[in-house]
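One file, upload08.cif, is given below (mmCIF, C-alpha atoms and all ligand atoms).
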```cif
data_input
loop_
_atom_site.label_atom_id
_atom_site.label_comp_id
_atom_site.auth_asym_id
_atom_site.auth_seq_id
_atom_site.Cartn_x
_atom_site.Cartn_y
_atom_site.Cartn_z
CA MET E 240 0.00 0.00 0.00
CA ARG E 241 1.25 3.50 -0.81
CA GLN E 242 2.06 5.67 2.18
CA HIS E 243 1.97 9.44 2.03
CA VAL E 244 4.76 11.18 3.83
CA ASN E 245 4.45 14.84 4.84
CA PRO E 246 7.47 16.48 3.17
CA LEU E 247 7.13 19.54 5.41
CA SER E 248 7.74 17.48 8.56
CA LYS E 249 10.79 18.62 10.56
CA ASN E 250 12.26 15.14 10.01
CA PHE E 251 13.25 16.21 6.51
CA ASP E 252 14.81 19.59 7.38
CA GLU E 253 18.23 18.00 7.78
CA ILE E 254 19.51 16.34 4.67
CA GLN E 255 22.17 13.69 4.37
CA ARG E 256 25.54 14.51 2.84
CA ILE E 257 25.23 14.55 -0.93
CA PRO E 258 28.12 12.67 -2.50
CA SER E 259 30.00 14.11 -5.48
CA LEU E 260 29.19 12.79 -8.96
CA ASN E 261 32.47 10.89 -8.79
CA GLU E 262 31.30 9.02 -5.72
CA MET E 263 27.86 8.31 -7.14
CA PHE E 264 28.78 7.06 -10.59
CA TYR E 265 31.56 5.03 -12.16
CA GLU E 266 31.72 7.33 -15.18
CA ASN E 267 30.78 10.83 -14.05
CA LYS E 268 30.84 12.47 -17.49
CA LEU E 269 27.78 10.63 -18.82
CA ASN E 270 24.48 12.49 -19.34
CA LEU E 271 22.64 12.69 -16.03
CA HIS E 272 18.89 12.20 -15.53
CA LEU E 273 17.15 13.01 -12.26
CA ASP E 274 13.86 11.31 -11.30
CA ILE E 275 12.01 13.01 -8.44
CA GLY E 276 9.76 10.84 -6.29
CA CYS E 277 11.18 7.61 -7.69
CA ALA E 278 9.56 5.31 -5.05
CA ALA E 279 11.41 1.96 -5.06
CA GLY E 280 13.23 2.97 -8.24
CA GLU E 281 12.04 0.12 -10.51
CA PHE E 282 11.70 2.57 -13.41
CA LEU E 283 15.32 3.71 -12.94
CA PHE E 284 16.62 0.13 -12.67
CA ASP E 285 14.89 -0.66 -15.98
CA LEU E 286 16.46 2.42 -17.56
CA ALA E 287 19.95 2.13 -16.07
CA LEU E 288 20.41 -1.52 -17.07
CA VAL E 289 19.61 -0.80 -20.73
CA ASN E 290 20.91 2.75 -21.27
CA THR E 291 24.43 2.42 -19.98
CA ASN E 292 25.40 5.71 -21.66
CA TRP E 293 23.29 7.66 -19.09
CA ASN E 294 23.63 8.11 -15.34
CA TYR E 295 20.38 8.02 -13.34
CA LEU E 296 19.76 9.65 -9.98
CA GLY E 297 16.53 9.03 -8.04
CA ILE E 298 15.28 11.08 -5.09
CA GLU E 299 12.67 9.60 -2.77
CA ILE E 300 11.30 10.73 0.57
CA ARG E 301 10.48 7.24 1.92
CA GLU E 302 13.66 6.05 3.58
CA ARG E 303 12.93 2.32 3.54
CA LEU E 304 12.46 2.36 -0.24
CA VAL E 305 15.77 4.16 -0.74
CA LYS E 306 17.64 1.75 1.55
CA THR E 307 16.31 -1.25 -0.37
CA ALA E 308 17.05 0.35 -3.73
CA LYS E 309 20.63 1.15 -2.70
CA LEU E 310 21.22 -2.42 -1.56
CA LYS E 311 19.91 -3.68 -4.91
CA VAL E 312 22.32 -1.35 -6.76
CA GLN E 313 25.23 -2.75 -4.74
CA GLU E 314 24.20 -6.38 -5.14
CA ARG E 315 23.81 -6.01 -8.90
CA GLU E 316 26.92 -3.83 -9.18
CA ILE E 317 25.13 -1.19 -11.25
CA LYS E 318 27.50 1.67 -11.95
CA ASN E 319 25.17 4.29 -13.45
CA LEU E 320 22.41 4.46 -10.82
CA TYR E 321 22.24 6.23 -7.46
CA PHE E 322 19.50 7.05 -4.95
CA LEU E 323 19.19 9.91 -2.49
CA TYR E 324 16.81 9.88 0.46
CA GLY E 325 14.91 13.02 1.52
CA ASN E 326 12.55 15.78 0.47
CA ALA E 327 13.58 16.68 -3.08
CA ASN E 328 12.87 20.35 -2.42
CA ASN E 329 15.31 20.49 0.49
CA ILE E 330 17.91 18.40 -1.30
CA LEU E 331 17.96 20.49 -4.46
CA ASN E 332 17.83 23.78 -2.56
CA ASN E 333 20.90 22.80 -0.63
CA ASP E 334 24.30 24.19 -1.61
CA GLN E 335 25.73 20.67 -1.69
CA SER E 336 23.61 19.74 -4.72
CA LYS E 337 24.15 22.89 -6.78
CA PHE E 338 27.06 21.32 -8.59
CA ILE E 339 25.00 18.23 -9.39
CA VAL E 340 22.00 20.12 -10.78
CA LYS E 341 24.34 21.97 -13.15
CA HIS E 342 25.14 18.62 -14.75
CA VAL E 343 21.56 17.40 -15.01
CA LYS E 344 20.39 16.97 -18.63
CA SER E 345 16.79 16.11 -17.74
CA ILE E 346 14.39 15.76 -14.82
CA SER E 347 11.19 13.73 -14.53
CA PHE E 348 8.27 14.22 -12.15
CA ASN E 349 6.24 11.07 -12.64
CA PHE E 350 2.87 10.85 -10.91
CA PRO E 351 3.80 12.90 -7.85
CA ASP E 352 1.48 12.70 -4.86
CA PRO E 353 -1.47 14.97 -5.57
CA TRP E 354 -2.27 16.45 -2.13
CA PHE E 355 -5.87 17.37 -3.01
CA LYS E 356 -6.84 19.57 -0.07
CA LYS E 357 -6.04 23.24 -0.53
CA ARG E 358 -4.34 23.42 2.86
CA HIS E 359 -2.01 20.62 1.68
CA TYR E 360 -0.96 22.29 -1.61
CA LYS E 361 2.29 23.37 0.08
CA ARG E 362 3.20 19.69 0.31
CA ARG E 363 3.23 19.33 -3.46
CA VAL E 364 6.72 18.71 -4.76
CA ILE E 365 6.47 21.31 -7.53
CA GLN E 366 6.44 24.76 -5.89
CA PRO E 367 7.19 28.13 -7.56
CA GLU E 368 10.36 28.58 -5.44
CA PHE E 369 11.52 25.10 -6.41
CA ILE E 370 11.00 25.83 -10.11
CA ASN E 371 12.95 29.09 -9.68
CA THR E 372 15.80 27.13 -8.08
CA LEU E 373 15.82 24.70 -10.97
CA SER E 374 15.71 27.47 -13.53
CA ASP E 375 18.67 29.18 -11.81
CA LEU E 376 20.75 26.01 -11.68
CA LEU E 377 19.90 23.99 -14.78
CA GLN E 378 21.92 24.52 -17.93
CA LYS E 379 20.28 25.91 -21.04
CA GLY E 380 18.69 23.04 -22.98
CA ALA E 381 17.88 20.92 -19.91
CA ILE E 382 14.53 19.13 -20.23
CA VAL E 383 11.79 18.75 -17.62
CA PHE E 384 9.09 16.08 -17.96
CA ILE E 385 5.85 16.03 -15.97
CA LYS E 386 3.31 13.20 -16.00
CA THR E 387 0.23 12.54 -13.88
CA ASP E 388 -3.24 10.99 -14.00
CA VAL E 389 -4.72 13.83 -11.91
CA GLU E 390 -5.87 16.67 -14.17
CA ASP E 391 -6.03 19.26 -11.41
CA LEU E 392 -2.45 18.46 -10.41
CA PHE E 393 -1.35 18.63 -14.02
CA ASP E 394 -2.88 22.11 -14.42
CA TYR E 395 -1.16 23.24 -11.23
CA MET E 396 2.27 21.84 -12.25
CA ASP E 397 1.92 23.21 -15.79
CA SER E 398 1.01 26.72 -14.67
CA THR E 399 3.77 26.74 -12.03
CA ILE E 400 6.44 25.75 -14.57
CA SER E 401 5.04 27.93 -17.37
CA ASN E 402 5.01 30.96 -15.06
CA ASN E 403 8.79 30.80 -15.03
CA PHE E 404 9.75 32.38 -18.35
CA HIS E 405 12.95 30.31 -18.60
CA PHE E 406 10.91 27.18 -19.36
CA LYS E 407 9.28 26.72 -22.78
CA THR E 408 6.95 23.87 -23.75
CA ILE E 409 8.11 21.36 -26.35
CA ASP E 410 5.44 19.64 -28.40
CA LYS E 411 5.57 15.87 -27.72
CA LYS E 412 5.35 15.26 -31.46
CA ASP E 413 8.57 17.20 -32.02
CA PHE E 414 10.46 15.54 -29.19
CA ASN E 415 13.19 13.08 -30.13
CA TYR E 416 12.82 10.34 -27.50
CA SER E 417 15.61 8.26 -29.03
CA GLU E 418 18.18 10.76 -27.73
CA SER E 419 16.52 11.20 -24.35
CA PHE E 420 17.01 9.48 -20.99
CA ASN E 421 14.21 7.10 -21.95
CA PRO E 422 14.65 6.09 -25.60
CA ASN E 423 12.45 3.00 -25.31
CA LYS E 424 9.61 4.79 -23.47
CA VAL E 425 9.87 2.56 -20.39
CA GLN E 426 6.80 3.07 -18.15
CA THR E 427 6.84 3.78 -14.43
CA ASN E 428 4.90 1.54 -12.04
CA ARG E 429 2.15 4.10 -11.59
CA GLU E 430 1.99 4.61 -15.36
CA LYS E 431 1.50 0.85 -15.90
CA TYR E 432 -1.34 0.87 -13.35
CA VAL E 433 -2.96 3.93 -14.99
CA ILE E 434 -2.73 2.35 -18.46
CA ASP E 435 -4.10 -1.01 -17.20
CA ASN E 436 -7.05 0.84 -15.69
CA GLN E 437 -7.59 2.94 -18.83
CA LEU E 438 -7.22 6.22 -16.95
CA ASP E 439 -6.04 9.43 -18.62
CA ILE E 440 -2.42 10.50 -18.56
CA PHE E 441 -1.60 14.21 -18.67
CA GLU E 442 1.96 15.04 -19.60
CA LYS E 443 4.15 17.86 -20.84
CA ILE E 444 7.78 18.49 -21.73
CA TYR E 445 9.66 21.78 -21.13
CA ILE E 446 13.07 23.03 -22.17
CA LYS E 447 15.17 25.49 -20.18
CA ASN E 448 16.12 28.54 -22.23
C1 LIG K 501 2.61 8.20 -6.61
S1 LIG K 501 4.27 7.83 -6.28
C2 LIG K 501 4.88 7.63 -7.95
C3 LIG K 501 6.14 6.83 -7.98
C4 LIG K 501 6.80 6.72 -9.36
N1 LIG K 501 7.34 8.00 -9.79
C5 LIG K 501 5.87 6.17 -10.39
O1 LIG K 501 5.52 6.89 -11.34
O2 LIG K 501 5.50 4.98 -10.26
C6 LIG K 501 4.98 9.38 -5.79
C7 LIG K 501 6.30 9.22 -5.06
O3 LIG K 501 6.87 10.50 -4.80
C8 LIG K 501 7.42 10.51 -3.49
N2 LIG K 501 7.49 11.90 -3.06
C9 LIG K 501 6.45 12.74 -2.82
N3 LIG K 501 6.88 13.95 -2.44
C10 LIG K 501 8.25 13.90 -2.45
C11 LIG K 501 9.28 14.84 -2.15
N4 LIG K 501 8.99 16.09 -1.76
N5 LIG K 501 10.56 14.46 -2.27
C12 LIG K 501 10.87 13.18 -2.65
N6 LIG K 501 9.94 12.24 -2.95
C13 LIG K 501 8.64 12.60 -2.85
C14 LIG K 501 6.45 9.65 -2.70
O4 LIG K 501 6.99 9.15 -1.49
C15 LIG K 501 6.13 8.55 -3.71
O5 LIG K 501 7.04 7.48 -3.61
#
```

For the structure just supplied, provide its representation as structure tokens.
Ligand SMILES: C[S@@+](CC[C@H](N)C(=O)[O-])C[C@H]1O[C@@H](n2cnc3c(N)ncnc32)[C@H](O)[C@@H]1O
Amino acid sequence: MRQHVNPLSKNFDEIQRIPSLNEMFYENKLNLHLDIGCAAGEFLFDLALVNTNWNYLGIEIRERLVKTAKLKVQEREIKNLYFLYGNANNILNNDQSKFIVKHVKSISFNFPDPWFKKRHYKRRVIQPEFINTLSDLLQKGAIVFIKTDVEDLFDYMDSTISNNFHFKTIDKKDFNYSESFNPNKVQTNREKYVIDNQLDIFEKIYIKN
């Protein structure tokens, strides 16, 4: 069963040390993709094992999932996959990760927790300040992907990103997936569930100018 974690809880104020790219990956010069809210990381394992010319970094707020994912990486000796535990907002706002974000080629927000009640909107992972941080740190040409089955959340995420004039929408039809972090269009766990249940998927791609 999925458990919601309150990202604004004091437990997440302190973040763990963020290793350098050298410590995280065997080959630190590869293109780097960041997946925010990666849960147990199955999507990233599927990607990392096939696309060995990319490095993949997952951030997840549920500690147990990150511990298990890290053990799996060690056991399978996967060199292009790393997981960080914590609230993505705090991690990416921290000085330690500035250097890493500069090297990020793309970021995905796949089916983030919706937090429906208005008083819980602040718990949503995409916040205007967070998007400003990303727009300050990401290199020109970096790509941001959002995907959700909740239309209201999609509208919120889309308007928050679009309100930052550094991000421009790319039409999905014009996007060259073969050169992206996900050339074979691997689906996330939530995406598989949504497709099996014939629910709608709302998605958009942005480029940093
Ligand atoms: C609905 S799940 C989707 C998981 C996966 N991306 C997928 O598509 O199957 C959302 C995940 O985001 C995580 N999450 C929510 N807010 C977060 C935050 N602020 N920082 C890091 N992870 C977060 C949740 O713990 C949960 O594992």

Closest of E:Asn326, E:Ser259, E:Asn290, E:Asn448 to ligand LIG 501 (chain K) - atom-to-atom distances counting only C-alpha atoms and all ligand atoms: E:Asn326

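Nearest-residue note for E:Ser345: choosing from E:Asn267, E:Thr427, E:Thr408, E:Asn421, the minimum distance belongs to E:Asn421, counting all atoms listed in the file.
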
Exercise answer, 8 Å around ligand LIG 501 (chain K) with only C-alpha atoms and all ligand atoms, as an MDAnalysis selection string: chainID E and resid 241:246 274:280 282 298:301 324:328 348:353 362:364 426:430

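Note that the spacing between atom CA of E:Val305 and atom CA of E:Gln335 amounts to 19.3 Å.
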
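Picture a line from atom CA of E:Val433 to atom CA of E:Glu281; it runs 16.1 Å.
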
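Of note, atom CA of E:Gln378 and atom CA of E:Ile339 are spaced 11.0 Å apart.
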
Sphere at (26.0, 13.6, 1.5), radius 12 Å, counting all atoms listed in the file: residues as a list in words: Glu253, Ile254, Gln255, Arg256, Ile257, Pro258, Ser259, Leu260, Glu262, Met263, Phe322, Leu323, Tyr324, Gly325, Ile330, Asn333, Asp334, Gln335, Ser336 and Ile339 of chain E

Test item: axis-aligned box, all listed atoms of stretch 373-377 of chain E, 5 Å on each side, centre and edges in Å rounded to one decimal, as lines of an AutoDock Vina configuration file:
```
center_x = 18.2
center_y = 26.6
center_z = -12.9
size_x = 15.0
size_y = 15.2
size_z = 13.8
```
